[in-house]
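Chemist: Here you go, protein.cif (mmCIF, C-alpha atoms):
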data_coords
loop_
_atom_site.group_PDB
_atom_site.id
_atom_site.type_symbol
_atom_site.label_atom_id
_atom_site.label_comp_id
_atom_site.auth_asym_id
_atom_site.auth_seq_id
_atom_site.Cartn_x
_atom_site.Cartn_y
_atom_site.Cartn_z
ATOM 1 C CA MET A 1276 0.000 0.000 0.000
ATOM 2 C CA THR A 1277 1.167 3.462 -0.744
ATOM 3 C CA LYS A 1278 1.290 6.215 1.819
ATOM 4 C CA HIS A 1279 -1.525 7.981 -0.054
ATOM 5 C CA MET A 1280 -3.778 4.911 0.178
ATOM 6 C CA LYS A 1281 -3.207 4.584 3.925
ATOM 7 C CA LYS A 1282 -4.256 8.191 4.361
ATOM 8 C CA GLY A 1283 -7.346 7.511 2.238
ATOM 9 C CA HIS A 1284 -8.292 4.508 4.395
ATOM 10 C CA TYR A 1285 -7.869 6.623 7.499
ATOM 11 C CA LEU A 1286 -10.208 9.280 6.118
ATOM 12 C CA ILE A 1287 -12.790 6.662 5.153
ATOM 13 C CA LEU A 1288 -12.681 5.140 8.642
ATOM 14 C CA LEU A 1289 -12.975 8.570 10.216
ATOM 15 C CA ALA A 1290 -15.973 9.439 8.026
ATOM 16 C CA LEU A 1291 -17.594 6.076 8.793
ATOM 17 C CA PHE A 1292 -17.093 6.630 12.526
ATOM 18 C CA MET A 1293 -18.682 10.085 12.288
ATOM 19 C CA VAL A 1294 -21.685 8.721 10.371
ATOM 20 C CA ILE A 1295 -22.213 5.849 12.831
ATOM 21 C CA THR A 1296 -21.862 8.185 15.812
ATOM 22 C CA GLY A 1297 -24.303 10.627 14.231
ATOM 23 C CA ILE A 1298 -26.859 7.886 13.539
ATOM 24 C CA ALA A 1299 -26.549 6.553 17.079
ATOM 25 C CA GLN A 1300 -26.983 10.063 18.452
ATOM 26 C CA PHE A 1301 -29.996 10.661 16.182
ATOM 27 C CA ASN A 1302 -31.616 7.420 17.341
ATOM 28 C CA GLN A 1303 -30.846 8.157 20.989
ATOM 29 C CA ASN A 1304 -32.353 11.644 20.771
ATOM 30 C CA ASN A 1305 -35.428 10.398 18.910
ATOM 31 C CA ASP A 1306 -36.031 7.702 21.531
ATOM 32 C CA MET A 1307 -36.274 10.372 24.231
ATOM 33 C CA LYS A 1308 -39.325 12.519 24.757
ATOM 34 C CA LYS A 1309 -38.178 16.034 24.060
ATOM 35 C CA ILE A 1310 -39.524 18.856 26.216
ATOM 36 C CA LYS A 1311 -40.144 21.922 24.057
ATOM 37 C CA THR A 1312 -41.990 25.227 24.183
ATOM 38 C CA GLY A 1313 -45.589 24.507 25.199
ATOM 39 C CA SER A 1314 -44.711 21.260 27.018
ATOM 40 C CA LYS A 1315 -45.497 20.762 30.693
ATOM 41 C CA VAL A 1316 -42.545 20.146 32.986
ATOM 42 C CA PRO A 1317 -42.515 16.483 33.978
ATOM 43 C CA PRO A 1318 -42.493 15.632 37.677
ATOM 44 C CA PHE A 1319 -39.092 14.814 39.124
ATOM 45 C CA ALA A 1320 -37.246 14.802 42.425
ATOM 46 C CA LEU A 1321 -33.459 14.918 42.866
ATOM 47 C CA LYS A 1322 -31.013 15.631 45.673
ATOM 48 C CA ASP A 1323 -29.663 19.154 45.934
ATOM 49 C CA GLN A 1324 -26.113 20.180 46.845
ATOM 50 C CA TYR A 1325 -26.923 19.706 50.544
ATOM 51 C CA GLY A 1326 -28.273 16.181 50.115
ATOM 52 C CA ASN A 1327 -31.932 17.203 50.529
ATOM 53 C CA VAL A 1328 -34.529 15.893 48.108
ATOM 54 C CA PHE A 1329 -35.931 18.669 45.929
ATOM 55 C CA ASP A 1330 -39.305 17.860 44.353
ATOM 56 C CA ILE A 1331 -40.222 20.123 41.434
ATOM 57 C CA GLN A 1332 -43.912 19.765 42.363
ATOM 58 C CA THR A 1333 -43.301 21.844 45.512
ATOM 59 C CA VAL A 1334 -42.544 24.983 43.472
ATOM 60 C CA ILE A 1335 -44.943 24.582 40.538
ATOM 61 C CA GLY A 1336 -47.573 27.317 40.754
ATOM 62 C CA LYS A 1337 -45.499 29.380 43.175
ATOM 63 C CA LYS A 1338 -42.553 30.549 41.087
ATOM 64 C CA ASN A 1339 -41.401 30.926 37.524
ATOM 65 C CA LEU A 1340 -38.546 28.494 36.946
ATOM 66 C CA VAL A 1341 -35.263 28.547 35.100
ATOM 67 C CA ILE A 1342 -34.149 24.934 34.788
ATOM 68 C CA TYR A 1343 -30.746 24.696 33.192
ATOM 69 C CA PHE A 1344 -28.849 21.537 32.338
ATOM 70 C CA TYR A 1345 -25.087 21.882 32.201
ATOM 71 C CA PRO A 1346 -22.301 19.406 31.395
ATOM 72 C CA LYS A 1347 -19.996 19.439 34.429
ATOM 73 C CA ASP A 1348 -19.204 21.213 37.695
ATOM 74 C CA ASP A 1349 -16.155 23.474 37.610
ATOM 75 C CA SER A 1350 -15.487 23.194 33.867
ATOM 76 C CA PRO A 1351 -14.705 26.584 32.287
ATOM 77 C CA GLY A 1352 -18.012 27.082 30.427
ATOM 78 C CA CYS A 1353 -20.150 25.735 33.261
ATOM 79 C CA THR A 1354 -18.384 27.906 35.825
ATOM 80 C CA LYS A 1355 -18.862 30.970 33.642
ATOM 81 C CA GLU A 1356 -22.575 30.165 33.235
ATOM 82 C CA ALA A 1357 -23.162 29.420 36.933
ATOM 83 C CA CYS A 1358 -21.341 32.557 38.070
ATOM 84 C CA TYR A 1359 -23.339 34.665 35.628
ATOM 85 C CA PHE A 1360 -26.565 33.199 37.032
ATOM 86 C CA ARG A 1361 -25.200 34.040 40.503
ATOM 87 C CA ASP A 1362 -24.380 37.611 39.474
ATOM 88 C CA GLN A 1363 -27.888 38.107 38.055
ATOM 89 C CA TYR A 1364 -29.637 36.382 40.984
ATOM 90 C CA GLU A 1365 -31.387 39.558 42.202
ATOM 91 C CA ASP A 1366 -32.764 40.178 38.718
ATOM 92 C CA PHE A 1367 -34.251 36.678 38.738
ATOM 93 C CA THR A 1368 -35.856 37.243 42.147
ATOM 94 C CA ARG A 1369 -37.448 40.464 40.802
ATOM 95 C CA VAL A 1370 -39.212 38.399 38.112
ATOM 96 C CA ASP A 1371 -40.245 35.830 40.742
ATOM 97 C CA ALA A 1372 -38.042 33.089 39.322
ATOM 98 C CA LEU A 1373 -36.191 30.203 40.920
ATOM 99 C CA ILE A 1374 -32.919 29.066 39.304
ATOM 100 C CA ILE A 1375 -32.280 25.311 39.199
ATOM 101 C CA GLY A 1376 -29.047 23.894 37.769
ATOM 102 C CA ILE A 1377 -28.906 20.180 36.921
ATOM 103 C CA SER A 1378 -25.969 17.966 35.977
ATOM 104 C CA GLY A 1379 -24.828 14.405 36.496
ATOM 105 C CA GLN A 1380 -22.203 15.066 39.162
ATOM 106 C CA SER A 1381 -22.606 13.984 42.768
ATOM 107 C CA VAL A 1382 -24.143 15.944 45.629
ATOM 108 C CA GLU A 1383 -20.619 16.386 47.030
ATOM 109 C CA SER A 1384 -19.315 17.764 43.737
ATOM 110 C CA HIS A 1385 -22.220 20.223 43.569
ATOM 111 C CA LEU A 1386 -21.599 21.414 47.128
ATOM 112 C CA LYS A 1387 -17.884 22.029 46.436
ATOM 113 C CA PHE A 1388 -18.794 23.850 43.196
ATOM 114 C CA ALA A 1389 -21.399 26.006 44.970
ATOM 115 C CA GLU A 1390 -19.101 26.856 47.880
ATOM 116 C CA LYS A 1391 -16.091 27.585 45.685
ATOM 117 C CA HIS A 1392 -18.054 30.069 43.549
ATOM 118 C CA GLY A 1393 -20.601 31.396 46.058
ATOM 119 C CA LEU A 1394 -23.573 29.965 44.173
ATOM 120 C CA THR A 1395 -26.810 30.746 45.995
ATOM 121 C CA PHE A 1396 -29.251 28.787 43.864
ATOM 122 C CA ILE A 1397 -30.265 25.124 43.698
ATOM 123 C CA LEU A 1398 -27.954 22.564 42.081
ATOM 124 C CA LEU A 1399 -29.452 19.115 41.572
ATOM 125 C CA SER A 1400 -27.544 15.872 41.182
ATOM 126 C CA ASP A 1401 -28.898 13.819 38.289
ATOM 127 C CA LYS A 1402 -26.794 10.661 38.670
ATOM 128 C CA GLY A 1403 -27.500 8.418 35.696
ATOM 129 C CA ASN A 1404 -28.954 11.418 33.819
ATOM 130 C CA LYS A 1405 -32.537 10.235 34.348
ATOM 131 C CA VAL A 1406 -34.040 13.742 34.360
ATOM 132 C CA ARG A 1407 -31.766 14.884 31.513
ATOM 133 C CA LYS A 1408 -33.182 12.000 29.452
ATOM 134 C CA GLN A 1409 -36.718 12.761 30.654
ATOM 135 C CA PHE A 1410 -36.340 16.278 29.209
ATOM 136 C CA GLY A 1411 -34.685 14.955 26.063
ATOM 137 C CA VAL A 1412 -31.575 17.099 26.472
ATOM 138 C CA PRO A 1413 -29.304 16.155 23.568
ATOM 139 C CA LYS A 1414 -25.610 15.429 23.784
ATOM 140 C CA ASP A 1415 -23.234 17.626 21.801
ATOM 141 C CA PHE A 1416 -19.996 17.119 19.903
ATOM 142 C CA PHE A 1417 -20.795 13.720 18.368
ATOM 143 C CA GLY A 1418 -22.561 12.484 21.486
ATOM 144 C CA VAL A 1419 -19.560 12.895 23.764
ATOM 145 C CA LEU A 1420 -20.522 15.928 25.867
ATOM 146 C CA PRO A 1421 -23.768 16.355 27.825
ATOM 147 C CA GLY A 1422 -25.772 19.230 26.354
ATOM 148 C CA ARG A 1423 -26.287 22.699 27.784
ATOM 149 C CA VAL A 1424 -30.001 23.577 27.590
ATOM 150 C CA THR A 1425 -32.062 26.104 29.557
ATOM 151 C CA TYR A 1426 -35.838 25.882 30.042
ATOM 152 C CA VAL A 1427 -37.888 28.873 31.183
ATOM 153 C CA VAL A 1428 -41.077 27.669 32.855
ATOM 154 C CA ASP A 1429 -44.045 29.781 33.940
ATOM 155 C CA LYS A 1430 -46.125 29.259 37.080
ATOM 156 C CA THR A 1431 -48.489 26.873 35.273
ATOM 157 C CA ALA A 1432 -45.540 24.488 34.685
ATOM 158 C CA THR A 1433 -45.557 25.316 30.964
ATOM 159 C CA VAL A 1434 -42.228 25.667 29.185
ATOM 160 C CA VAL A 1435 -42.323 29.101 27.568
ATOM 161 C CA TYR A 1436 -38.796 29.128 26.134
ATOM 162 C CA VAL A 1437 -35.928 26.730 25.401
ATOM 163 C CA PHE A 1438 -32.365 27.832 24.706
ATOM 164 C CA ASN A 1439 -29.814 25.276 23.507
ATOM 165 C CA SER A 1440 -26.175 26.292 23.047
ATOM 166 C CA GLN A 1441 -23.065 24.525 24.238
ATOM 167 C CA THR A 1442 -20.775 27.476 23.523
ATOM 168 C CA LYS A 1443 -22.843 30.536 24.513
ATOM 169 C CA ALA A 1444 -22.906 29.824 28.242
ATOM 170 C CA THR A 1445 -23.758 33.321 29.495
ATOM 171 C CA MET A 1446 -26.375 33.846 26.797
ATOM 172 C CA HIS A 1447 -28.523 31.279 28.638
ATOM 173 C CA VAL A 1448 -28.808 33.762 31.496
ATOM 174 C CA ASP A 1449 -29.546 36.774 29.286
ATOM 175 C CA GLU A 1450 -32.193 34.896 27.294
ATOM 176 C CA ALA A 1451 -33.899 33.529 30.413
ATOM 177 C CA LEU A 1452 -34.103 37.005 31.963
ATOM 178 C CA ARG A 1453 -35.406 38.532 28.738
ATOM 179 C CA ILE A 1454 -38.223 35.988 28.502
ATOM 180 C CA LEU A 1455 -39.135 36.275 32.190
ATOM 181 C CA ARG A 1456 -39.356 40.066 31.919
ATOM 182 C CA GLU A 1457 -41.752 39.620 28.971
ATOM 183 C CA LEU A 1458 -43.991 37.387 31.123
ATOM 184 C CA LYS A 1459 -44.743 40.202 33.582
#
Represent the structure from my file as structure tokens, please.
Modeler:
Amino acid sequence: MTKHMKKGHYLILLALFMVITGIAQFNQNNDMKKIKTGSKVPPFALKDQYGNVFDIQTVIGKKNLVIYFYPKDDSPGCTKEACYFRDQYEDFTRVDALIIGISGQSVESHLKFAEKHGLTFILLSDKGNKVRKQFGVPKDFFGVLPGRVTYVVDKTATVVYVFNSQTKATMHVDEALRILRELK
């Protein structure tokens, strides 16, 4: 085999891998029920950063909700997003909204993350990604990285806005606030 042919085989294998990964991701995402604008928030209960069980049903009807799924505690993008939510916390309270961050890390990881960055809102541990799957949050970058999706939910438990962007971490905060201000 020539050097050129080896390179060609490599490119074919790479393309085949990308196609297979894409098909698997497409099938995985289609198998999940996807929560979208107009959907009702499904019931769920998870442990918060203090180890207490947080049941979403206890806040439905009382507060607007910002439920944001993020990939990982203390990663650069997730830290930037969480700190921006923290910095805008008073603005969210003015629009009667509760911020809820959800990722697959442990309760202990969430507590360290919250303490390290002074996060004053709820972080829920979704071990096994059960709630992430329940919402139909897609994975990004060929199915390798858990997605970053924010849901704005009104007091009737109806999703009024969905923002999905892995790379625009702080825009999740700006978009959520914009929509909540429009609800008033």
Chemist: Do you know which residues are at most 10 Å from Pro1421 in chain A counting only C-alpha atoms, after dropping those on the same chain fewer than 6 positions away, and could you put them as a VMD selection string?
Modeler: chain A and resid 1344 to 1347 1378 to 1379 1404 1407 1412 to 1415 1441
Chemist: Can you work out the spacing between CA of Glu1450 in chain A and CA of Thr1433 in chain A in Å, to one decimal?
Modeler: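 Result for CA of Glu1450 in chain A versus CA of Thr1433 in chain A: 16.8 Å, one decimal.
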Chemist: Extract, using all atoms listed in the file, all DNA, RNA and protein residues at most 12 Å from range 1339-1341 of chain A, discarding same-chain residues fewer than 3 positions from it, and format them as a PyMOL selection string.
Modeler: chain A and resi 1316+1331-1336+1344+1360+1364+1367-1377+1396-1398+1424-1438+1447-1456+1458-1459
Chemist: With only C-alpha atoms as the counted atoms, please give the residues lying no more than 12 Å from Ser1350 in chain A, apart from itself and same-chain residues fewer than 5 positions off, as JSON, numbers by chain.
Modeler: {"A": [1345, 1355, 1356, 1357, 1358, 1378, 1380, 1384, 1388, 1420, 1444]}
Chemist: Any idea what the distance is between CA of Gly1326 in chain A and CA of Ser1440 in chain A?
Modeler: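 Computed distance, CA of Gly1326 in chain A to CA of Ser1440 in chain A, equals 29.0 Å.
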Chemist: Could you check how far CA of Lys1402 in chain A sits from CA of Ser1381 in chain A, in Å to one decimal?
Modeler: 6.7 Å
Chemist: Need the shell around Leu1321 in chain A: protein/DNA/RNA residues with any atom at most 6 Å away, counting all atoms listed in the file. Skip same-chain ones fewer than 3 positions apart. Format as a list in words?
Modeler: Val1328, Phe1329 and Leu1399 of chain A
Chemist: Here is a test: counting all atoms listed in the file, which residue of A:Ala1320, A:Ile1310, A:Ile1342, A:Leu1394 is nearest to Lys1408 in chain A?
Modeler: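 Closest residue, counting all atoms listed in the file: A:Ile1310.
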Chemist: For Lys1309 in chain A, find every residue with an atom within 8 Å (counting all atoms listed in the file), except residues of its own chain fewer than 6 positions away, and show them as an MDAnalysis selection string.
Modeler: chainID A and resid 1409:1412
